[in-house]
Amino acid sequence: MIFTGSDILSVEQFDRSDIEHIFQVADAMAPYALRRRVTRVLEGAILGNMFFEPSTRTRISFGCAFNLLGGEVRETTGFESSAIAKGESLYDTARVLSGFSDVICMRHPQEGSVAEFAAASRVPVLNGGDGANEHPSQALLDLYTIRKELASKDRGIDGLRIALIGDLKYGRTVHSLCKLLRHFKNVQVTLVSPAELAMPENIVEEMRSVGHNVVVTEDLTQSISNVDIAYSTRIQEERFASKEEADMYRGRFRLNQSIYTQYCEPNTVIMHPLPRDSRADANELDNDLNQNPNLAIFRQADNGVLVRMALFALVLDVVDQVDKCARDVNWYNSARTL
Ligand code: CP
């Protein structure tokens with residue numbers, strides 16, 4: 001695809017070479033994400049960061065990624081602090097805000113809303129999550145993390161064995177990740193969820209159509225016993241009609257150190273898009289895994305900055321200028337690693 005000036009709305013936009021290109025650019029962002037170097041390549045540029053649903057990682061890491069490239073960030077969080085609360089349309093909001101910004105990131109609870117906004121925007125729009133539909137930057141950082149974790153074991157993504165666990169119906173991160181996995185060869189995907197929260201059938205069929213071995217099950221311990229990656233997800237309570245309905249599924253699939261030791265292969269990597277629900281009735285990834293070196297959840301979040309820097313650099317066409325606008329940092333640098 002041509003990245004320059006493009007909206008990033010869905011992972012359907014990418015083919016394998018696009019994905020590999022994004023990862024190559026993300027790798028090159030490491031000195032800046034690690035605060036070894038500073039680049040001012042986006043000096044003067046403004047990111048409009050519009051999050052109409054709660055977010056910690058996506059909002060802050062998009063903002064940090066833009067700042068690390070030298071740009072500035074202006075934010076709106078929640079409908080109540082935007083004129084949408086006064087009845088302003090997405091169209092008008094997009095026309096106005098795109099006059100103030102060079103690129104916009106947006107999260108919205110309705111499927112398709114970010115695409116609707118992008119159609120009216122005068123600048124590129126990046127989807128930070130639209131309802132239960134897609135979360136493209138998360139899926140890219142997830143796949144980037146998988147690539148990195150497997151590379152340390154001299155493996156690539158082709159031949160991956162992965163279990164996706166939890167709310168696969170409403171979990172937009174796993175929808176996008178499964179779509180990306182279609183571009184790789186010989187992938188074994190085990191989908192572990194309550195039947196009512198199963199992965200949408202069209203996504204399952206699309207994976208099978210490219211030859212992936214897709215198993216659908218409700219058995220957690222069997223499904224994590226022969227995988228490279230155990231990817232857990234939260235019950236997406238905000239998508240249910242009531243808290244009581246979400247409560248029916250919360251805590252159904254819990255992974256802790258004891259289960260990991262008993263059932264997983266020794267170096268199975270544990271992932272989660274976060275936030276994990278650490279309340280006692282949920283606890284899908286127990287805190288007793290925190291010292292497990294195969295728990296990749298915080299490396300995963302760190303990788304989000306690299307991937308989002310790469311997306312900005314590609315969409316704003318500055319990849320070749322990043323290093324030319326760089327210098328060493330002035331301040332004491334703690335031993336940060338990625
Ligand atoms: N993974 C993710 O989207 O996290 P936030 O909701 O905190 O952005």
# chains A, B, ... in the order shown; residues from 1 in each chain; ligands from 1
>>> residues_near_ligand(ligand="ligand 1", cutoff="8 Å", atoms="only C-alpha atoms and all ligand atoms", output="MDAnalysis selection string")
chainID A and resid 54:60 128:129 135 138 173 273:275 301
>>> write_last_selection(atoms="all heavy atoms", output="CSV table (one decimal), in the first residue's frame")
chain,number,residue,atom,x,y,z
A,54,PRO,N,-12.6,4.9,27.3
A,54,PRO,CA,-11.4,4.9,28.1
A,54,PRO,C,-10.3,4.2,27.4
A,54,PRO,O,-10.4,3.3,26.7
A,54,PRO,CB,-11.9,4.0,29.3
A,54,PRO,CG,-13.4,4.2,29.3
A,54,PRO,CD,-13.8,4.3,27.9
A,55,SER,N,-9.1,4.7,27.7
A,55,SER,CA,-7.8,4.2,27.2
A,55,SER,C,-6.7,4.6,28.0
A,55,SER,O,-6.6,5.8,28.4
A,55,SER,CB,-7.6,4.6,25.7
A,55,SER,OG,-6.3,4.2,25.3
A,56,THR,N,-5.8,3.7,28.3
A,56,THR,CA,-4.5,4.1,28.9
A,56,THR,C,-3.4,3.9,27.9
A,56,THR,O,-2.7,4.9,27.5
A,56,THR,CB,-4.2,3.2,30.1
A,56,THR,OG1,-5.2,3.5,31.1
A,56,THR,CG2,-2.8,3.5,30.7
A,57,ARG,N,-3.2,2.7,27.4
A,57,ARG,CA,-2.1,2.4,26.5
A,57,ARG,C,-2.2,3.1,25.1
A,57,ARG,O,-1.2,3.8,24.6
A,57,ARG,CB,-2.0,0.9,26.2
A,57,ARG,CG,-1.2,0.1,27.2
A,57,ARG,CD,-1.9,-1.2,27.4
A,57,ARG,NE,-3.2,-1.0,27.9
A,57,ARG,CZ,-3.4,-0.8,29.2
A,57,ARG,NH1,-2.5,-1.0,30.1
A,57,ARG,NH2,-4.6,-0.6,29.7
A,58,THR,N,-3.3,2.9,24.4
A,58,THR,CA,-3.4,3.4,23.0
A,58,THR,C,-3.3,4.9,23.0
A,58,THR,O,-2.5,5.5,22.2
A,58,THR,CB,-4.7,2.9,22.4
A,58,THR,OG1,-4.9,1.5,22.7
A,58,THR,CG2,-4.7,3.1,20.9
A,59,ARG,N,-4.0,5.6,23.9
A,59,ARG,CA,-4.0,7.0,23.8
A,59,ARG,C,-2.6,7.6,24.2
A,59,ARG,O,-2.1,8.4,23.5
A,59,ARG,CB,-5.0,7.6,24.8
A,59,ARG,CG,-5.1,9.1,24.9
A,59,ARG,CD,-6.3,9.5,25.7
A,59,ARG,NE,-6.2,9.2,27.1
A,59,ARG,CZ,-5.7,10.0,28.0
A,59,ARG,NH1,-5.1,11.1,27.7
A,59,ARG,NH2,-5.6,9.6,29.3
A,60,ILE,N,-2.1,7.1,25.3
A,60,ILE,CA,-0.8,7.6,25.8
A,60,ILE,C,0.3,7.2,24.8
A,60,ILE,O,1.2,8.0,24.5
A,60,ILE,CB,-0.5,7.2,27.2
A,60,ILE,CG1,-1.6,7.5,28.1
A,60,ILE,CG2,0.8,7.8,27.7
A,60,ILE,CD1,-1.9,9.0,28.4
A,128,GLY,N,-8.0,4.0,16.6
A,128,GLY,CA,-7.5,3.6,17.9
A,128,GLY,C,-8.5,2.6,18.5
A,128,GLY,O,-8.4,2.3,19.7
A,129,GLY,N,-9.4,2.1,17.7
A,129,GLY,CA,-10.4,1.1,18.2
A,129,GLY,C,-11.8,1.6,17.9
A,129,GLY,O,-12.1,2.7,18.4
A,135,HIS,N,-8.9,-3.0,15.9
A,135,HIS,CA,-7.9,-2.2,16.6
A,135,HIS,C,-6.5,-2.4,15.9
A,135,HIS,O,-5.7,-3.2,16.4
A,135,HIS,CB,-7.8,-2.7,18.1
A,135,HIS,CG,-7.1,-1.8,19.0
A,135,HIS,ND1,-6.3,-0.8,18.7
A,135,HIS,CD2,-7.2,-1.7,20.4
A,135,HIS,CE1,-5.8,-0.2,19.8
A,135,HIS,NE2,-6.4,-0.7,20.8
A,138,GLN,N,-3.0,-2.0,17.6
A,138,GLN,CA,-2.8,-3.1,18.6
A,138,GLN,C,-2.4,-4.4,18.0
A,138,GLN,O,-1.5,-5.1,18.4
A,138,GLN,CB,-4.1,-3.3,19.5
A,138,GLN,CG,-4.0,-4.4,20.5
A,138,GLN,CD,-3.1,-4.0,21.7
A,138,GLN,OE1,-3.1,-2.9,22.2
A,138,GLN,NE2,-2.2,-4.9,22.1
A,173,THR,N,-9.1,-6.6,19.4
A,173,THR,CA,-7.7,-6.8,19.2
A,173,THR,C,-7.5,-8.2,18.5
A,173,THR,O,-6.7,-8.3,17.6
A,173,THR,CB,-6.9,-6.8,20.5
A,173,THR,OG1,-7.1,-7.9,21.3
A,173,THR,CG2,-7.2,-5.5,21.3
A,273,PRO,N,-3.6,-8.0,25.5
A,273,PRO,CA,-3.5,-6.6,24.9
A,273,PRO,C,-3.6,-5.6,26.1
A,273,PRO,O,-3.2,-4.4,25.9
A,273,PRO,CB,-4.8,-6.5,24.1
A,273,PRO,CG,-5.7,-7.5,24.6
A,273,PRO,CD,-4.9,-8.6,25.1
A,274,LEU,N,-4.0,-6.0,27.2
A,274,LEU,CA,-4.2,-5.1,28.4
A,274,LEU,C,-5.3,-4.1,28.1
A,274,LEU,O,-5.5,-3.7,26.9
A,274,LEU,CB,-2.9,-4.4,28.8
A,274,LEU,CG,-1.8,-5.4,29.2
A,274,LEU,CD1,-0.6,-4.6,29.6
A,274,LEU,CD2,-2.2,-6.3,30.4
A,275,PRO,N,-6.1,-3.6,29.1
A,275,PRO,CA,-5.9,-3.9,30.5
A,275,PRO,C,-6.4,-5.3,30.8
A,275,PRO,O,-7.4,-5.8,30.3
A,275,PRO,CB,-6.8,-2.9,31.2
A,275,PRO,CG,-7.9,-2.6,30.2
A,275,PRO,CD,-7.2,-2.7,28.8
A,301,ALA,N,3.3,-3.8,25.5
A,301,ALA,CA,2.9,-2.4,25.6
A,301,ALA,C,4.0,-1.5,25.2
A,301,ALA,O,3.8,-0.5,24.5
A,301,ALA,CB,2.4,-2.1,27.1
>>> residues_around(residues="A:Glu12", least_positions_apart="4", cutoff="10 Å", atoms="only C-alpha atoms", output="list in words")
Ile8, Glu134, Pro136, Ser176, Lys179 and Leu180 of chain A
>>> closest_atom_pairs(of="stretch 48-167 of chain A", to="stretch 314-324 of chain A", cutoff="10 Å", atoms="only C-alpha atoms", output="Markdown table")
| residue | atom | partner | partner_atom | distance |
| --- | --- | --- | --- | --- |
| A:Leu69 | CA | A:Val322 | CA | 7.6 |
| A:Gly70 | CA | A:Val322 | CA | 9.8 |
| A:Asp102 | CA | A:Leu316 | CA | 8.5 |
| A:Val103 | CA | A:Leu316 | CA | 8.2 |
| A:Val123 | CA | A:Leu316 | CA | 10.0 |
| A:Pro124 | CA | A:Val315 | CA | 7.5 |
| A:Val125 | CA | A:Val315 | CA | 9.5 |
| A:Leu126 | CA | A:Val315 | CA | 9.4 |
>>> write_last_selection(atoms="N, CA and C atoms", output="CSV table (one decimal), in the first residue's frame")
chain,number,residue,atom,x,y,z
A,69,LEU,N,8.7,11.8,18.1
A,69,LEU,CA,9.1,12.2,16.7
A,69,LEU,C,9.2,13.8,16.6
A,70,GLY,N,9.0,14.4,17.8
A,70,GLY,CA,9.1,15.9,17.8
A,70,GLY,C,7.8,16.7,17.6
A,102,ASP,N,-2.4,17.7,11.9
A,102,ASP,CA,-1.8,17.1,10.8
A,102,ASP,C,-2.2,15.6,10.6
A,103,VAL,N,-2.6,15.0,11.7
A,103,VAL,CA,-3.0,13.6,11.7
A,103,VAL,C,-3.9,13.5,12.9
A,123,VAL,N,-7.2,15.3,7.0
A,123,VAL,CA,-5.9,14.8,7.3
A,123,VAL,C,-6.0,13.3,7.6
A,124,PRO,N,-4.9,12.5,7.5
A,124,PRO,CA,-5.1,11.1,7.8
A,124,PRO,C,-5.6,10.8,9.2
A,125,VAL,N,-6.4,9.7,9.3
A,125,VAL,CA,-7.0,9.3,10.6
A,125,VAL,C,-6.5,7.9,10.9
A,126,LEU,N,-6.1,7.6,12.1
A,126,LEU,CA,-5.6,6.3,12.5
A,126,LEU,C,-6.7,5.8,13.5
>>> select_by_dssp(residues="stretch 84-333 of chain A", states="strand (DSSP E or B)", output="PDB file with N, CA and C atoms, in the first residue's frame")
ATOM      1  N   VAL A 103      -2.563  15.025  11.706  1.00  0.00           N
ATOM      2  CA  VAL A 103      -2.998  13.628  11.712  1.00  0.00           C
ATOM      3  C   VAL A 103      -3.891  13.478  12.949  1.00  0.00           C
ATOM      4  N   ILE A 104      -4.834  12.549  12.881  1.00  0.00           N
ATOM      5  CA  ILE A 104      -5.770  12.364  13.987  1.00  0.00           C
ATOM      6  C   ILE A 104      -5.811  10.882  14.358  1.00  0.00           C
ATOM      7  N   CYS A 105      -5.783  10.600  15.662  1.00  0.00           N
ATOM      8  CA  CYS A 105      -6.059   9.243  16.145  1.00  0.00           C
ATOM      9  C   CYS A 105      -7.403   9.284  16.851  1.00  0.00           C
ATOM     10  N   MET A 106      -8.187   8.258  16.662  1.00  0.00           N
ATOM     11  CA  MET A 106      -9.534   8.295  17.227  1.00  0.00           C
ATOM     12  C   MET A 106      -9.957   6.924  17.733  1.00  0.00           C
ATOM     13  N   ARG A 107     -10.569   6.920  18.897  1.00  0.00           N
ATOM     14  CA  ARG A 107     -11.258   5.735  19.426  1.00  0.00           C
ATOM     15  C   ARG A 107     -12.707   6.124  19.658  1.00  0.00           C
ATOM     16  N   HIS A 108     -13.599   5.200  19.295  1.00  0.00           N
ATOM     17  CA  HIS A 108     -15.030   5.501  19.376  1.00  0.00           C
ATOM     18  C   HIS A 108     -15.767   4.182  19.634  1.00  0.00           C
ATOM     19  N   VAL A 125      -6.362   9.707   9.287  1.00  0.00           N
ATOM     20  CA  VAL A 125      -6.964   9.280  10.557  1.00  0.00           C
ATOM     21  C   VAL A 125      -6.512   7.850  10.851  1.00  0.00           C
ATOM     22  N   LEU A 126      -6.072   7.630  12.100  1.00  0.00           N
ATOM     23  CA  LEU A 126      -5.649   6.295  12.541  1.00  0.00           C
ATOM     24  C   LEU A 126      -6.685   5.773  13.533  1.00  0.00           C
ATOM     25  N   ASN A 127      -7.114   4.550  13.302  1.00  0.00           N
ATOM     26  CA  ASN A 127      -8.153   3.946  14.133  1.00  0.00           C
ATOM     27  C   ASN A 127      -7.552   3.431  15.437  1.00  0.00           C
ATOM     28  N   GLY A 128      -7.959   4.016  16.553  1.00  0.00           N
ATOM     29  CA  GLY A 128      -7.508   3.570  17.871  1.00  0.00           C
ATOM     30  C   GLY A 128      -8.471   2.598  18.503  1.00  0.00           C
ATOM     31  N   GLY A 129      -9.391   2.051  17.693  1.00  0.00           N
ATOM     32  CA  GLY A 129     -10.391   1.098  18.186  1.00  0.00           C
ATOM     33  C   GLY A 129     -11.784   1.617  17.927  1.00  0.00           C
ATOM     34  N   ASP A 130     -12.550   0.884  17.090  1.00  0.00           N
ATOM     35  CA  ASP A 130     -13.940   1.291  16.840  1.00  0.00           C
ATOM     36  C   ASP A 130     -14.874   0.163  17.261  1.00  0.00           C
ATOM     37  N   GLU A 134     -12.393  -3.292  15.077  1.00  0.00           N
ATOM     38  CA  GLU A 134     -10.957  -3.453  14.818  1.00  0.00           C
ATOM     39  C   GLU A 134     -10.110  -2.572  15.727  1.00  0.00           C
ATOM     40  N   ARG A 161       2.093 -21.280  16.536  1.00  0.00           N
ATOM     41  CA  ARG A 161       0.987 -21.945  17.241  1.00  0.00           C
ATOM     42  C   ARG A 161       0.503 -20.986  18.330  1.00  0.00           C
ATOM     43  N   ILE A 162      -0.732 -20.554  18.244  1.00  0.00           N
ATOM     44  CA  ILE A 162      -1.233 -19.529  19.170  1.00  0.00           C
ATOM     45  C   ILE A 162      -2.618 -19.913  19.688  1.00  0.00           C
ATOM     46  N   ALA A 163      -2.840 -19.685  20.992  1.00  0.00           N
ATOM     47  CA  ALA A 163      -4.176 -19.834  21.577  1.00  0.00           C
ATOM     48  C   ALA A 163      -4.697 -18.443  21.924  1.00  0.00           C
ATOM     49  N   LEU A 164      -5.882 -18.108  21.446  1.00  0.00           N
ATOM     50  CA  LEU A 164      -6.542 -16.841  21.777  1.00  0.00           C
ATOM     51  C   LEU A 164      -7.662 -17.175  22.743  1.00  0.00           C
ATOM     52  N   ILE A 165      -7.645 -16.511  23.887  1.00  0.00           N
ATOM     53  CA  ILE A 165      -8.465 -16.970  25.017  1.00  0.00           C
ATOM     54  C   ILE A 165      -9.331 -15.831  25.547  1.00  0.00           C
ATOM     55  N   GLN A 188      -1.330 -22.336  13.367  1.00  0.00           N
ATOM     56  CA  GLN A 188      -2.307 -23.115  14.137  1.00  0.00           C
ATOM     57  C   GLN A 188      -2.941 -22.186  15.174  1.00  0.00           C
ATOM     58  N   VAL A 189      -4.234 -21.962  15.051  1.00  0.00           N
ATOM     59  CA  VAL A 189      -4.931 -21.024  15.938  1.00  0.00           C
ATOM     60  C   VAL A 189      -5.968 -21.789  16.753  1.00  0.00           C
ATOM     61  N   THR A 190      -5.829 -21.740  18.067  1.00  0.00           N
ATOM     62  CA  THR A 190      -6.820 -22.366  18.943  1.00  0.00           C
ATOM     63  C   THR A 190      -7.636 -21.253  19.590  1.00  0.00           C
ATOM     64  N   LEU A 191      -8.937 -21.291  19.374  1.00  0.00           N
ATOM     65  CA  LEU A 191      -9.831 -20.234  19.850  1.00  0.00           C
ATOM     66  C   LEU A 191     -10.575 -20.755  21.065  1.00  0.00           C
ATOM     67  N   VAL A 192     -10.288 -20.153  22.215  1.00  0.00           N
ATOM     68  CA  VAL A 192     -10.827 -20.641  23.489  1.00  0.00           C
ATOM     69  C   VAL A 192     -11.776 -19.587  24.046  1.00  0.00           C
ATOM     70  N   ASN A 213      -4.861 -24.042  10.482  1.00  0.00           N
ATOM     71  CA  ASN A 213      -5.566 -25.047  11.282  1.00  0.00           C
ATOM     72  C   ASN A 213      -6.231 -24.327  12.464  1.00  0.00           C
ATOM     73  N   VAL A 214      -7.551 -24.169  12.415  1.00  0.00           N
ATOM     74  CA  VAL A 214      -8.265 -23.417  13.451  1.00  0.00           C
ATOM     75  C   VAL A 214      -9.109 -24.393  14.281  1.00  0.00           C
ATOM     76  N   VAL A 215      -8.855 -24.397  15.589  1.00  0.00           N
ATOM     77  CA  VAL A 215      -9.594 -25.264  16.503  1.00  0.00           C
ATOM     78  C   VAL A 215     -10.416 -24.370  17.423  1.00  0.00           C
ATOM     79  N   VAL A 216     -11.694 -24.703  17.601  1.00  0.00           N
ATOM     80  CA  VAL A 216     -12.581 -23.939  18.481  1.00  0.00           C
ATOM     81  C   VAL A 216     -12.902 -24.819  19.682  1.00  0.00           C
ATOM     82  N   THR A 217     -12.679 -24.289  20.875  1.00  0.00           N
ATOM     83  CA  THR A 217     -12.828 -25.114  22.076  1.00  0.00           C
ATOM     84  C   THR A 217     -13.202 -24.258  23.282  1.00  0.00           C
ATOM     85  N   ILE A 229       2.340 -19.199  21.876  1.00  0.00           N
ATOM     86  CA  ILE A 229       1.789 -17.975  22.475  1.00  0.00           C
ATOM     87  C   ILE A 229       0.429 -18.296  23.089  1.00  0.00           C
ATOM     88  N   ALA A 230       0.256 -17.933  24.356  1.00  0.00           N
ATOM     89  CA  ALA A 230      -1.078 -17.957  24.980  1.00  0.00           C
ATOM     90  C   ALA A 230      -1.506 -16.508  25.133  1.00  0.00           C
ATOM     91  N   TYR A 231      -2.502 -16.101  24.351  1.00  0.00           N
ATOM     92  CA  TYR A 231      -2.924 -14.690  24.287  1.00  0.00           C
ATOM     93  C   TYR A 231      -4.287 -14.583  24.970  1.00  0.00           C
ATOM     94  N   SER A 232      -4.280 -14.002  26.137  1.00  0.00           N
ATOM     95  CA  SER A 232      -5.501 -13.896  26.935  1.00  0.00           C
ATOM     96  C   SER A 232      -6.182 -12.547  26.686  1.00  0.00           C
ATOM     97  N   LEU A 255      -5.582 -17.878  33.880  1.00  0.00           N
ATOM     98  CA  LEU A 255      -4.243 -18.457  33.772  1.00  0.00           C
ATOM     99  C   LEU A 255      -3.419 -17.952  34.947  1.00  0.00           C
ATOM    100  N   VAL A 269       4.983 -18.140  25.568  1.00  0.00           N
ATOM    101  CA  VAL A 269       4.913 -16.692  25.818  1.00  0.00           C
ATOM    102  C   VAL A 269       3.470 -16.319  26.158  1.00  0.00           C
ATOM    103  N   ILE A 270       3.319 -15.547  27.210  1.00  0.00           N
ATOM    104  CA  ILE A 270       1.982 -15.109  27.637  1.00  0.00           C
ATOM    105  C   ILE A 270       1.782 -13.667  27.179  1.00  0.00           C
ATOM    106  N   MET A 271       0.692 -13.446  26.459  1.00  0.00           N
ATOM    107  CA  MET A 271       0.387 -12.092  25.982  1.00  0.00           C
ATOM    108  C   MET A 271      -1.033 -11.707  26.385  1.00  0.00           C
ATOM    109  N   LEU A 285      -5.399 -13.121  34.013  1.00  0.00           N
ATOM    110  CA  LEU A 285      -3.953 -13.393  34.126  1.00  0.00           C
ATOM    111  C   LEU A 285      -3.535 -13.025  35.536  1.00  0.00           C
ATOM    112  N   LEU A 295       6.160 -13.849  30.582  1.00  0.00           N
ATOM    113  CA  LEU A 295       5.042 -12.906  30.573  1.00  0.00           C
ATOM    114  C   LEU A 295       5.481 -11.683  29.773  1.00  0.00           C
ATOM    115  N   ALA A 326      18.187  14.131  14.056  1.00  0.00           N
ATOM    116  CA  ALA A 326      18.389  13.547  15.388  1.00  0.00           C
ATOM    117  C   ALA A 326      19.681  14.020  16.038  1.00  0.00           C
ATOM    118  N   ARG A 327      19.704  13.899  17.348  1.00  0.00           N
ATOM    119  CA  ARG A 327      20.927  14.137  18.125  1.00  0.00           C
ATOM    120  C   ARG A 327      20.854  13.237  19.360  1.00  0.00           C
ATOM    121  N   ASP A 328      21.986  13.157  20.103  1.00  0.00           N
ATOM    122  CA  ASP A 328      21.970  12.392  21.353  1.00  0.00           C
ATOM    123  C   ASP A 328      21.159  13.148  22.401  1.00  0.00           C
TER     124      ASP A 328
END
>>> closest_residue(among="A:Gly166, A:Met199, A:Cys178, A:Asp286", to="A:Arg252", atoms="only C-alpha atoms")
A:Gly166
>>> closest_residue(among="A:Arg208, A:Arg36, A:Arg172, A:Arg250", to="A:Ser193", atoms="only C-alpha atoms")
A:Arg250
>>> atom_distance(atom1="atom CA of A:Lys169", atom2="atom CA of A:Gln110")
15.0 Å
>>> select_by_dssp(residues="stretch 4-84 of chain A", states="alpha helix (DSSP H)", output="list in words")
Arg16, Ser17, Asp18, Ile19, Glu20, His21, Ile22, Phe23, Gln24, Val25, Ala26, Asp27, Ala28, Ala30, Pro31, Tyr32, Ala33, Arg57, Thr58, Arg59, Ile60, Ser61, Phe62, Gly63, Cys64, Ala65, Phe66, Asn67 and Leu68 of chain A
>>> residues_around(residues="A:Asn186", least_positions_apart="6", cutoff="9 Å", atoms="only C-alpha atoms", output="JSON, numbers by chain")
{"A": [158, 159, 160, 161, 210, 211, 212, 213]}
>>> closest_residue(among="A:Phe52, A:Phe62, A:Phe100, A:Phe298", to="A:Glu80", atoms="only C-alpha atoms")
A:Phe52
>>> residues_around(residues="stretch 26-33 of chain A", least_positions_apart="2", cutoff="12 Å", atoms="only C-alpha atoms", output="PyMOL selection string")
chain A and resi 19-24+35-41+61+64-70+137+140-141+144-145+147-148+302-314+319-323+325-329+333+336-338
>>> atom_distance(atom1="atom CA of A:Gly171", atom2="atom CA of A:Ile146")
18.3 Å
